$ cat model37.txt   # compact mmCIF, N, CA and C atoms
# COMPACT_ATOMS: atom_id res chain seq x y z
N MET A 1 39.53 -1.58 5.27
CA MET A 1 38.23 -0.96 5.12
C MET A 1 37.75 -1.23 3.70
N GLY A 2 36.42 -1.28 3.51
CA GLY A 2 35.86 -1.56 2.20
C GLY A 2 34.87 -0.49 1.78
N ASP A 3 34.11 -0.86 0.78
CA ASP A 3 33.10 0.06 0.25
C ASP A 3 31.75 -0.21 0.89
N GLU A 4 30.97 0.85 1.01
CA GLU A 4 29.60 0.75 1.51
C GLU A 4 28.69 1.45 0.53
N LYS A 5 27.57 0.79 0.20
CA LYS A 5 26.58 1.40 -0.68
C LYS A 5 25.21 1.30 -0.01
N THR A 6 24.59 2.43 0.24
CA THR A 6 23.25 2.43 0.84
C THR A 6 22.25 2.02 -0.24
N LEU A 7 21.57 0.89 -0.02
CA LEU A 7 20.60 0.38 -0.97
C LEU A 7 19.22 0.99 -0.76
N ALA A 8 18.88 1.27 0.49
CA ALA A 8 17.57 1.85 0.79
C ALA A 8 17.63 2.55 2.13
N THR A 9 16.84 3.60 2.25
CA THR A 9 16.60 4.26 3.53
C THR A 9 15.10 4.24 3.72
N ILE A 10 14.67 3.52 4.73
CA ILE A 10 13.24 3.25 4.94
C ILE A 10 12.74 4.04 6.14
N PRO A 11 11.77 4.92 5.91
CA PRO A 11 11.22 5.69 7.03
C PRO A 11 10.34 4.80 7.91
N SER A 12 10.15 5.20 9.14
CA SER A 12 9.27 4.46 10.04
C SER A 12 8.12 5.37 10.46
N ALA A 13 7.25 4.85 11.28
CA ALA A 13 6.12 5.65 11.77
C ALA A 13 6.63 6.80 12.64
N ASP A 14 7.76 6.59 13.29
CA ASP A 14 8.39 7.63 14.12
C ASP A 14 9.31 8.47 13.22
N PRO A 15 9.06 9.77 13.07
CA PRO A 15 9.90 10.58 12.17
C PRO A 15 11.35 10.70 12.63
N ASP A 16 11.65 10.32 13.86
CA ASP A 16 13.02 10.39 14.37
C ASP A 16 13.76 9.06 14.24
N THR A 17 13.23 8.13 13.44
CA THR A 17 13.83 6.81 13.28
C THR A 17 13.81 6.40 11.81
N LEU A 18 14.91 5.83 11.34
CA LEU A 18 15.03 5.31 9.98
C LEU A 18 15.66 3.93 10.01
N LEU A 19 15.46 3.16 8.94
CA LEU A 19 16.15 1.90 8.76
C LEU A 19 16.94 2.01 7.47
N GLU A 20 18.24 1.82 7.56
CA GLU A 20 19.11 1.84 6.39
C GLU A 20 19.48 0.41 6.02
N VAL A 21 19.47 0.12 4.73
CA VAL A 21 19.93 -1.16 4.21
C VAL A 21 21.20 -0.86 3.42
N VAL A 22 22.33 -1.41 3.88
CA VAL A 22 23.64 -1.06 3.31
C VAL A 22 24.37 -2.32 2.87
N LEU A 23 24.91 -2.28 1.64
CA LEU A 23 25.75 -3.37 1.14
C LEU A 23 27.20 -3.01 1.46
N CYS A 24 27.87 -3.89 2.22
CA CYS A 24 29.26 -3.66 2.62
C CYS A 24 30.14 -4.69 1.93
N THR A 25 31.12 -4.20 1.17
CA THR A 25 32.06 -5.10 0.49
C THR A 25 33.47 -4.82 1.00
N ARG A 26 34.20 -5.91 1.23
CA ARG A 26 35.58 -5.81 1.69
C ARG A 26 36.43 -6.78 0.87
N ALA A 27 37.65 -6.42 0.63
CA ALA A 27 38.54 -7.26 -0.19
C ALA A 27 38.84 -8.60 0.49
N THR A 28 38.83 -8.63 1.80
CA THR A 28 39.24 -9.84 2.52
C THR A 28 38.08 -10.69 3.02
N ALA A 29 36.83 -10.27 2.75
CA ALA A 29 35.68 -11.02 3.27
C ALA A 29 34.53 -10.94 2.27
N PRO A 30 33.62 -11.92 2.34
CA PRO A 30 32.46 -11.85 1.45
C PRO A 30 31.57 -10.65 1.79
N PRO A 31 30.80 -10.17 0.83
CA PRO A 31 29.93 -9.02 1.10
C PRO A 31 28.86 -9.36 2.13
N VAL A 32 28.44 -8.35 2.86
CA VAL A 32 27.37 -8.51 3.86
C VAL A 32 26.37 -7.37 3.70
N ILE A 33 25.18 -7.62 4.19
CA ILE A 33 24.15 -6.58 4.26
C ILE A 33 24.07 -6.14 5.71
N GLU A 34 24.08 -4.84 5.92
CA GLU A 34 23.88 -4.31 7.26
C GLU A 34 22.52 -3.62 7.31
N LEU A 35 21.73 -3.97 8.32
CA LEU A 35 20.49 -3.28 8.62
C LEU A 35 20.81 -2.34 9.77
N ARG A 36 20.69 -1.06 9.54
CA ARG A 36 21.08 -0.06 10.54
C ARG A 36 19.85 0.73 10.99
N ARG A 37 19.59 0.69 12.28
CA ARG A 37 18.52 1.51 12.87
C ARG A 37 19.15 2.84 13.23
N LEU A 38 18.69 3.90 12.58
CA LEU A 38 19.20 5.23 12.85
C LEU A 38 18.19 6.02 13.67
N SER A 39 18.69 6.83 14.56
CA SER A 39 17.84 7.70 15.37
C SER A 39 18.33 9.13 15.21
N TRP A 40 17.41 10.07 15.38
CA TRP A 40 17.76 11.48 15.30
C TRP A 40 17.96 12.03 16.71
N GLY A 41 19.08 12.66 16.91
CA GLY A 41 19.35 13.29 18.20
C GLY A 41 19.54 14.79 18.00
N GLU A 42 18.78 15.56 18.73
CA GLU A 42 18.89 17.01 18.64
C GLU A 42 20.31 17.42 18.99
N GLY A 43 20.94 18.19 18.12
CA GLY A 43 22.31 18.64 18.37
C GLY A 43 23.37 17.73 17.78
N ILE A 44 23.03 16.44 17.51
CA ILE A 44 24.04 15.55 16.92
C ILE A 44 23.61 14.99 15.57
N GLY A 45 22.33 15.08 15.25
CA GLY A 45 21.85 14.58 13.96
C GLY A 45 21.57 13.08 14.01
N TRP A 46 21.67 12.43 12.85
CA TRP A 46 21.39 10.98 12.75
C TRP A 46 22.57 10.18 13.29
N PHE A 47 22.26 9.14 14.06
CA PHE A 47 23.31 8.25 14.57
C PHE A 47 22.78 6.82 14.59
N ARG A 48 23.70 5.87 14.53
CA ARG A 48 23.32 4.45 14.55
C ARG A 48 22.94 4.02 15.95
N GLN A 49 21.74 3.47 16.05
CA GLN A 49 21.27 2.94 17.32
C GLN A 49 21.63 1.45 17.42
N HIS A 50 21.38 0.73 16.31
CA HIS A 50 21.67 -0.72 16.24
C HIS A 50 22.16 -1.05 14.84
N THR A 51 22.99 -2.09 14.72
CA THR A 51 23.42 -2.60 13.42
C THR A 51 23.33 -4.12 13.45
N LEU A 52 22.70 -4.68 12.43
CA LEU A 52 22.59 -6.13 12.28
C LEU A 52 23.28 -6.51 10.97
N ARG A 53 24.33 -7.33 11.06
CA ARG A 53 25.08 -7.76 9.88
C ARG A 53 24.57 -9.13 9.43
N LEU A 54 24.21 -9.23 8.15
CA LEU A 54 23.68 -10.46 7.59
C LEU A 54 24.55 -10.94 6.44
N GLU A 55 24.92 -12.22 6.48
CA GLU A 55 25.67 -12.83 5.38
C GLU A 55 24.70 -13.19 4.26
N ALA A 56 25.22 -13.51 3.09
CA ALA A 56 24.39 -13.77 1.90
C ALA A 56 23.32 -14.83 2.16
N GLY A 57 23.69 -15.92 2.80
CA GLY A 57 22.72 -16.99 3.07
C GLY A 57 21.61 -16.53 4.01
N GLU A 58 21.95 -15.73 4.99
CA GLU A 58 20.95 -15.20 5.91
C GLU A 58 19.99 -14.24 5.19
N VAL A 59 20.53 -13.43 4.30
CA VAL A 59 19.70 -12.50 3.53
C VAL A 59 18.71 -13.28 2.67
N SER A 60 19.19 -14.34 2.02
CA SER A 60 18.31 -15.17 1.17
C SER A 60 17.18 -15.78 1.98
N HIS A 61 17.51 -16.34 3.13
CA HIS A 61 16.48 -16.95 3.98
C HIS A 61 15.51 -15.90 4.54
N LEU A 62 16.03 -14.75 4.91
CA LEU A 62 15.17 -13.68 5.42
C LEU A 62 14.19 -13.22 4.33
N CYS A 63 14.70 -13.01 3.12
CA CYS A 63 13.82 -12.58 2.01
C CYS A 63 12.75 -13.63 1.73
N ALA A 64 13.13 -14.90 1.71
CA ALA A 64 12.15 -15.97 1.46
C ALA A 64 11.10 -16.02 2.56
N THR A 65 11.52 -15.86 3.79
CA THR A 65 10.58 -15.88 4.92
C THR A 65 9.62 -14.70 4.86
N LEU A 66 10.13 -13.53 4.56
CA LEU A 66 9.27 -12.34 4.47
C LEU A 66 8.27 -12.47 3.32
N ARG A 67 8.72 -13.02 2.18
CA ARG A 67 7.78 -13.22 1.07
C ARG A 67 6.69 -14.20 1.44
N ARG A 68 7.05 -15.25 2.16
CA ARG A 68 6.10 -16.31 2.50
C ARG A 68 5.03 -15.81 3.48
N TYR A 69 5.41 -14.97 4.42
CA TYR A 69 4.50 -14.59 5.49
C TYR A 69 4.08 -13.13 5.48
N HIS A 70 4.32 -12.41 4.39
CA HIS A 70 4.05 -10.97 4.39
C HIS A 70 2.58 -10.64 4.61
N ARG A 71 1.66 -11.51 4.25
CA ARG A 71 0.23 -11.20 4.43
C ARG A 71 -0.19 -11.20 5.89
N ARG A 72 0.58 -11.82 6.74
CA ARG A 72 0.21 -11.89 8.16
C ARG A 72 0.32 -10.55 8.87
N TRP A 73 1.21 -9.70 8.43
CA TRP A 73 1.36 -8.41 9.10
C TRP A 73 1.06 -7.24 8.16
N LYS A 74 0.59 -7.55 6.96
CA LYS A 74 0.24 -6.50 6.02
C LYS A 74 -0.89 -5.66 6.62
N PRO A 75 -0.80 -4.34 6.52
CA PRO A 75 -1.87 -3.52 7.09
C PRO A 75 -3.19 -3.79 6.39
N PRO A 76 -4.30 -3.66 7.12
CA PRO A 76 -5.59 -3.91 6.50
C PRO A 76 -5.85 -2.91 5.37
N ALA A 77 -6.65 -3.35 4.42
CA ALA A 77 -6.98 -2.50 3.28
C ALA A 77 -7.74 -1.27 3.76
N ALA A 78 -7.63 -0.23 3.00
CA ALA A 78 -8.35 1.01 3.34
C ALA A 78 -9.85 0.72 3.32
N PRO A 79 -10.59 1.39 4.19
CA PRO A 79 -12.04 1.14 4.22
C PRO A 79 -12.68 1.43 2.88
N SER A 80 -13.65 0.65 2.57
CA SER A 80 -14.35 0.79 1.29
C SER A 80 -15.17 2.08 1.30
N HIS A 81 -15.17 2.74 0.19
CA HIS A 81 -15.96 3.96 0.05
C HIS A 81 -17.34 3.65 -0.52
N ALA A 82 -17.68 2.38 -0.63
CA ALA A 82 -18.96 1.99 -1.22
C ALA A 82 -20.12 2.60 -0.46
N ALA A 83 -19.99 2.74 0.85
CA ALA A 83 -21.09 3.28 1.64
C ALA A 83 -21.31 4.76 1.34
N LYS A 84 -20.32 5.43 0.79
CA LYS A 84 -20.44 6.85 0.51
C LYS A 84 -20.96 7.12 -0.91
N ILE A 85 -21.14 6.08 -1.69
CA ILE A 85 -21.62 6.26 -3.06
C ILE A 85 -23.14 6.25 -3.05
N ILE A 86 -23.72 7.25 -3.66
CA ILE A 86 -25.18 7.32 -3.76
C ILE A 86 -25.56 6.76 -5.13
N PRO A 87 -26.30 5.66 -5.17
CA PRO A 87 -26.64 5.08 -6.47
C PRO A 87 -27.69 5.94 -7.18
N PHE A 88 -27.51 6.09 -8.47
CA PHE A 88 -28.49 6.78 -9.29
C PHE A 88 -29.55 5.79 -9.74
N PRO A 89 -30.78 6.26 -9.95
CA PRO A 89 -31.81 5.34 -10.44
C PRO A 89 -31.43 4.80 -11.80
N ARG A 90 -31.77 3.57 -12.03
CA ARG A 90 -31.46 2.96 -13.31
C ARG A 90 -32.43 3.50 -14.36
N PRO A 91 -31.94 3.70 -15.58
CA PRO A 91 -32.84 4.19 -16.62
C PRO A 91 -33.85 3.11 -16.99
N THR A 92 -35.05 3.53 -17.30
CA THR A 92 -36.09 2.58 -17.72
C THR A 92 -36.09 2.49 -19.24
N ASP A 93 -36.81 1.53 -19.75
CA ASP A 93 -36.87 1.37 -21.20
C ASP A 93 -37.45 2.60 -21.87
N GLN A 94 -38.46 3.19 -21.26
CA GLN A 94 -39.10 4.37 -21.83
C GLN A 94 -39.01 5.50 -20.82
N PRO A 95 -38.79 6.72 -21.29
CA PRO A 95 -38.79 7.84 -20.34
C PRO A 95 -40.18 8.01 -19.75
N GLN A 96 -40.21 8.36 -18.48
CA GLN A 96 -41.48 8.53 -17.77
C GLN A 96 -42.02 9.93 -17.99
N ASP A 97 -43.33 10.02 -18.16
CA ASP A 97 -44.00 11.31 -18.25
C ASP A 97 -44.15 11.83 -16.83
N SER A 98 -43.99 13.11 -16.64
CA SER A 98 -44.06 13.66 -15.29
C SER A 98 -45.43 13.43 -14.65
N GLY A 99 -46.47 13.21 -15.48
CA GLY A 99 -47.80 13.00 -14.92
C GLY A 99 -48.09 11.54 -14.64
N SER A 100 -47.24 10.64 -15.07
CA SER A 100 -47.48 9.20 -14.87
C SER A 100 -46.64 8.68 -13.72
N PRO A 101 -47.21 7.85 -12.87
CA PRO A 101 -46.39 7.25 -11.82
C PRO A 101 -45.39 6.29 -12.44
N PRO A 102 -44.26 6.04 -11.77
CA PRO A 102 -43.26 5.11 -12.30
C PRO A 102 -43.89 3.75 -12.57
N GLY A 103 -43.50 3.15 -13.68
CA GLY A 103 -43.98 1.82 -14.03
C GLY A 103 -45.31 1.83 -14.76
N GLN A 104 -45.98 2.98 -14.86
CA GLN A 104 -47.26 3.08 -15.56
C GLN A 104 -47.01 3.59 -16.98
N PRO A 105 -47.77 3.08 -17.96
CA PRO A 105 -47.58 3.57 -19.34
C PRO A 105 -48.01 5.02 -19.46
N LYS A 106 -47.41 5.71 -20.42
CA LYS A 106 -47.77 7.09 -20.69
C LYS A 106 -49.17 7.14 -21.30
N PRO A 107 -49.88 8.25 -21.16
CA PRO A 107 -51.22 8.36 -21.73
C PRO A 107 -51.25 8.07 -23.23
N ALA A 108 -50.22 8.48 -23.95
CA ALA A 108 -50.21 8.23 -25.39
C ALA A 108 -50.15 6.72 -25.64
N ALA A 109 -49.43 5.99 -24.82
CA ALA A 109 -49.35 4.54 -24.99
C ALA A 109 -50.69 3.90 -24.67
N LEU A 110 -51.42 4.43 -23.72
CA LEU A 110 -52.74 3.89 -23.40
C LEU A 110 -53.69 4.10 -24.58
N ALA A 111 -53.60 5.26 -25.22
CA ALA A 111 -54.47 5.54 -26.36
C ALA A 111 -54.20 4.57 -27.48
N GLU A 112 -52.93 4.24 -27.70
CA GLU A 112 -52.61 3.27 -28.77
C GLU A 112 -53.12 1.89 -28.41
N LEU A 113 -53.08 1.51 -27.13
CA LEU A 113 -53.56 0.19 -26.72
C LEU A 113 -55.06 0.06 -26.89
N SER A 114 -55.81 1.18 -26.71
CA SER A 114 -57.26 1.11 -26.80
C SER A 114 -57.77 1.07 -28.24
N ARG A 115 -56.95 1.29 -29.20
CA ARG A 115 -57.37 1.27 -30.60
C ARG A 115 -57.58 -0.11 -31.07

$ encode --input "model37.txt" --output "structure tokens"
Amino acid sequence: MGDEKTLATIPSADPDTLLEVVLCTRATAPPVIELRRLSWGEGIGWFRQHTLRLEAGEVSHLCATLRRYHRRWKPPAAPSHAAKIIPFPRPTDQPQDSGSPPGQPKPAALAELSR
């Protein structure tokens, strides 16, 4: 028998299922990675449903493959909140007088122009 070290416990969408990544080392064999699918059973707790043993070369190829193709199954980005943003009016060069329509000069500016 050898040593086992749990490297990660990954939750799934189903709260009664987990994926464990375990490094197994033995004195008489090279180390392996075990991917363990755990399920929750009422009355018995967590138990192994499936175990997949991967040698070092298989782990390397699996990691390279997942890195290369991860965008194909990556979940879509969260919806943009841009539609929920209310834009504020842009400031104008000069503050508007409440009696002047937008884009029209203020009465004081008209008086200066007529001089």

$ residues_near_point --input "model37.txt" --point "(24.4, 0.4, 11.1)" --cutoff "7 Å" --atoms "only N, CA and C atoms" --output "list in words"
Glu34, Leu35, Arg36, Arg37, Leu38, Arg48, Gln49, His50, Thr51 and Leu52 of chain A

$ residues_around --input "model37.txt" --residues "region 3-9 of chain A" --least-positions-apart "2" --cutoff "6 Å" --atoms "only N, CA and C atoms" --output "PDB file with N, CA and C atoms, keeping the file's coordinate frame"
ATOM      1  N   MET A   1      39.530  -1.580   5.270  1.00  0.00           N
ATOM      2  CA  MET A   1      38.230  -0.960   5.120  1.00  0.00           C
ATOM      3  C   MET A   1      37.750  -1.230   3.700  1.00  0.00           C
ATOM      4  N   PRO A  11      11.770   4.920   5.910  1.00  0.00           N
ATOM      5  CA  PRO A  11      11.220   5.690   7.030  1.00  0.00           C
ATOM      6  C   PRO A  11      10.340   4.800   7.910  1.00  0.00           C
ATOM      7  N   LEU A  19      15.460   3.160   8.940  1.00  0.00           N
ATOM      8  CA  LEU A  19      16.150   1.900   8.760  1.00  0.00           C
ATOM      9  C   LEU A  19      16.940   2.010   7.470  1.00  0.00           C
ATOM     10  N   GLU A  20      18.240   1.820   7.560  1.00  0.00           N
ATOM     11  CA  GLU A  20      19.110   1.840   6.390  1.00  0.00           C
ATOM     12  C   GLU A  20      19.480   0.410   6.020  1.00  0.00           C
ATOM     13  N   VAL A  21      19.470   0.120   4.730  1.00  0.00           N
ATOM     14  CA  VAL A  21      19.930  -1.160   4.210  1.00  0.00           C
ATOM     15  C   VAL A  21      21.200  -0.860   3.420  1.00  0.00           C
ATOM     16  N   VAL A  22      22.330  -1.410   3.880  1.00  0.00           N
ATOM     17  CA  VAL A  22      23.640  -1.060   3.310  1.00  0.00           C
ATOM     18  C   VAL A  22      24.370  -2.320   2.870  1.00  0.00           C
ATOM     19  N   LEU A  23      24.910  -2.280   1.640  1.00  0.00           N
ATOM     20  CA  LEU A  23      25.750  -3.370   1.140  1.00  0.00           C
ATOM     21  C   LEU A  23      27.200  -3.010   1.460  1.00  0.00           C
ATOM     22  N   CYS A  24      27.870  -3.890   2.220  1.00  0.00           N
ATOM     23  CA  CYS A  24      29.260  -3.660   2.620  1.00  0.00           C
ATOM     24  C   CYS A  24      30.140  -4.690   1.930  1.00  0.00           C
ATOM     25  N   THR A  25      31.120  -4.200   1.170  1.00  0.00           N
ATOM     26  CA  THR A  25      32.060  -5.100   0.490  1.00  0.00           C
ATOM     27  C   THR A  25      33.470  -4.820   1.000  1.00  0.00           C
ATOM     28  N   ARG A  26      34.200  -5.910   1.230  1.00  0.00           N
ATOM     29  CA  ARG A  26      35.580  -5.810   1.690  1.00  0.00           C
ATOM     30  C   ARG A  26      36.430  -6.780   0.870  1.00  0.00           C
TER      31      ARG A  26
END

$ atom_distance --input "model37.txt" --atom1 "atom C of Cys63 (chain A)" --atom2 "CA of Ile33 (chain A)"
13.6 Å

$ select_by_dssp --input "model37.txt" --residues "region 6-61 of chain A" --states "alpha helix (DSSP H)" --output "list in words"
Ala56, Gly57, Glu58, Val59, Ser60 and His61 of chain A

$ closest_residue --input "model37.txt" --among "A:Leu62, A:Glu55, A:Pro75, A:Pro91" --to "Pro30 (chain A)" --atoms "only N, CA and C atoms"
A:Glu55
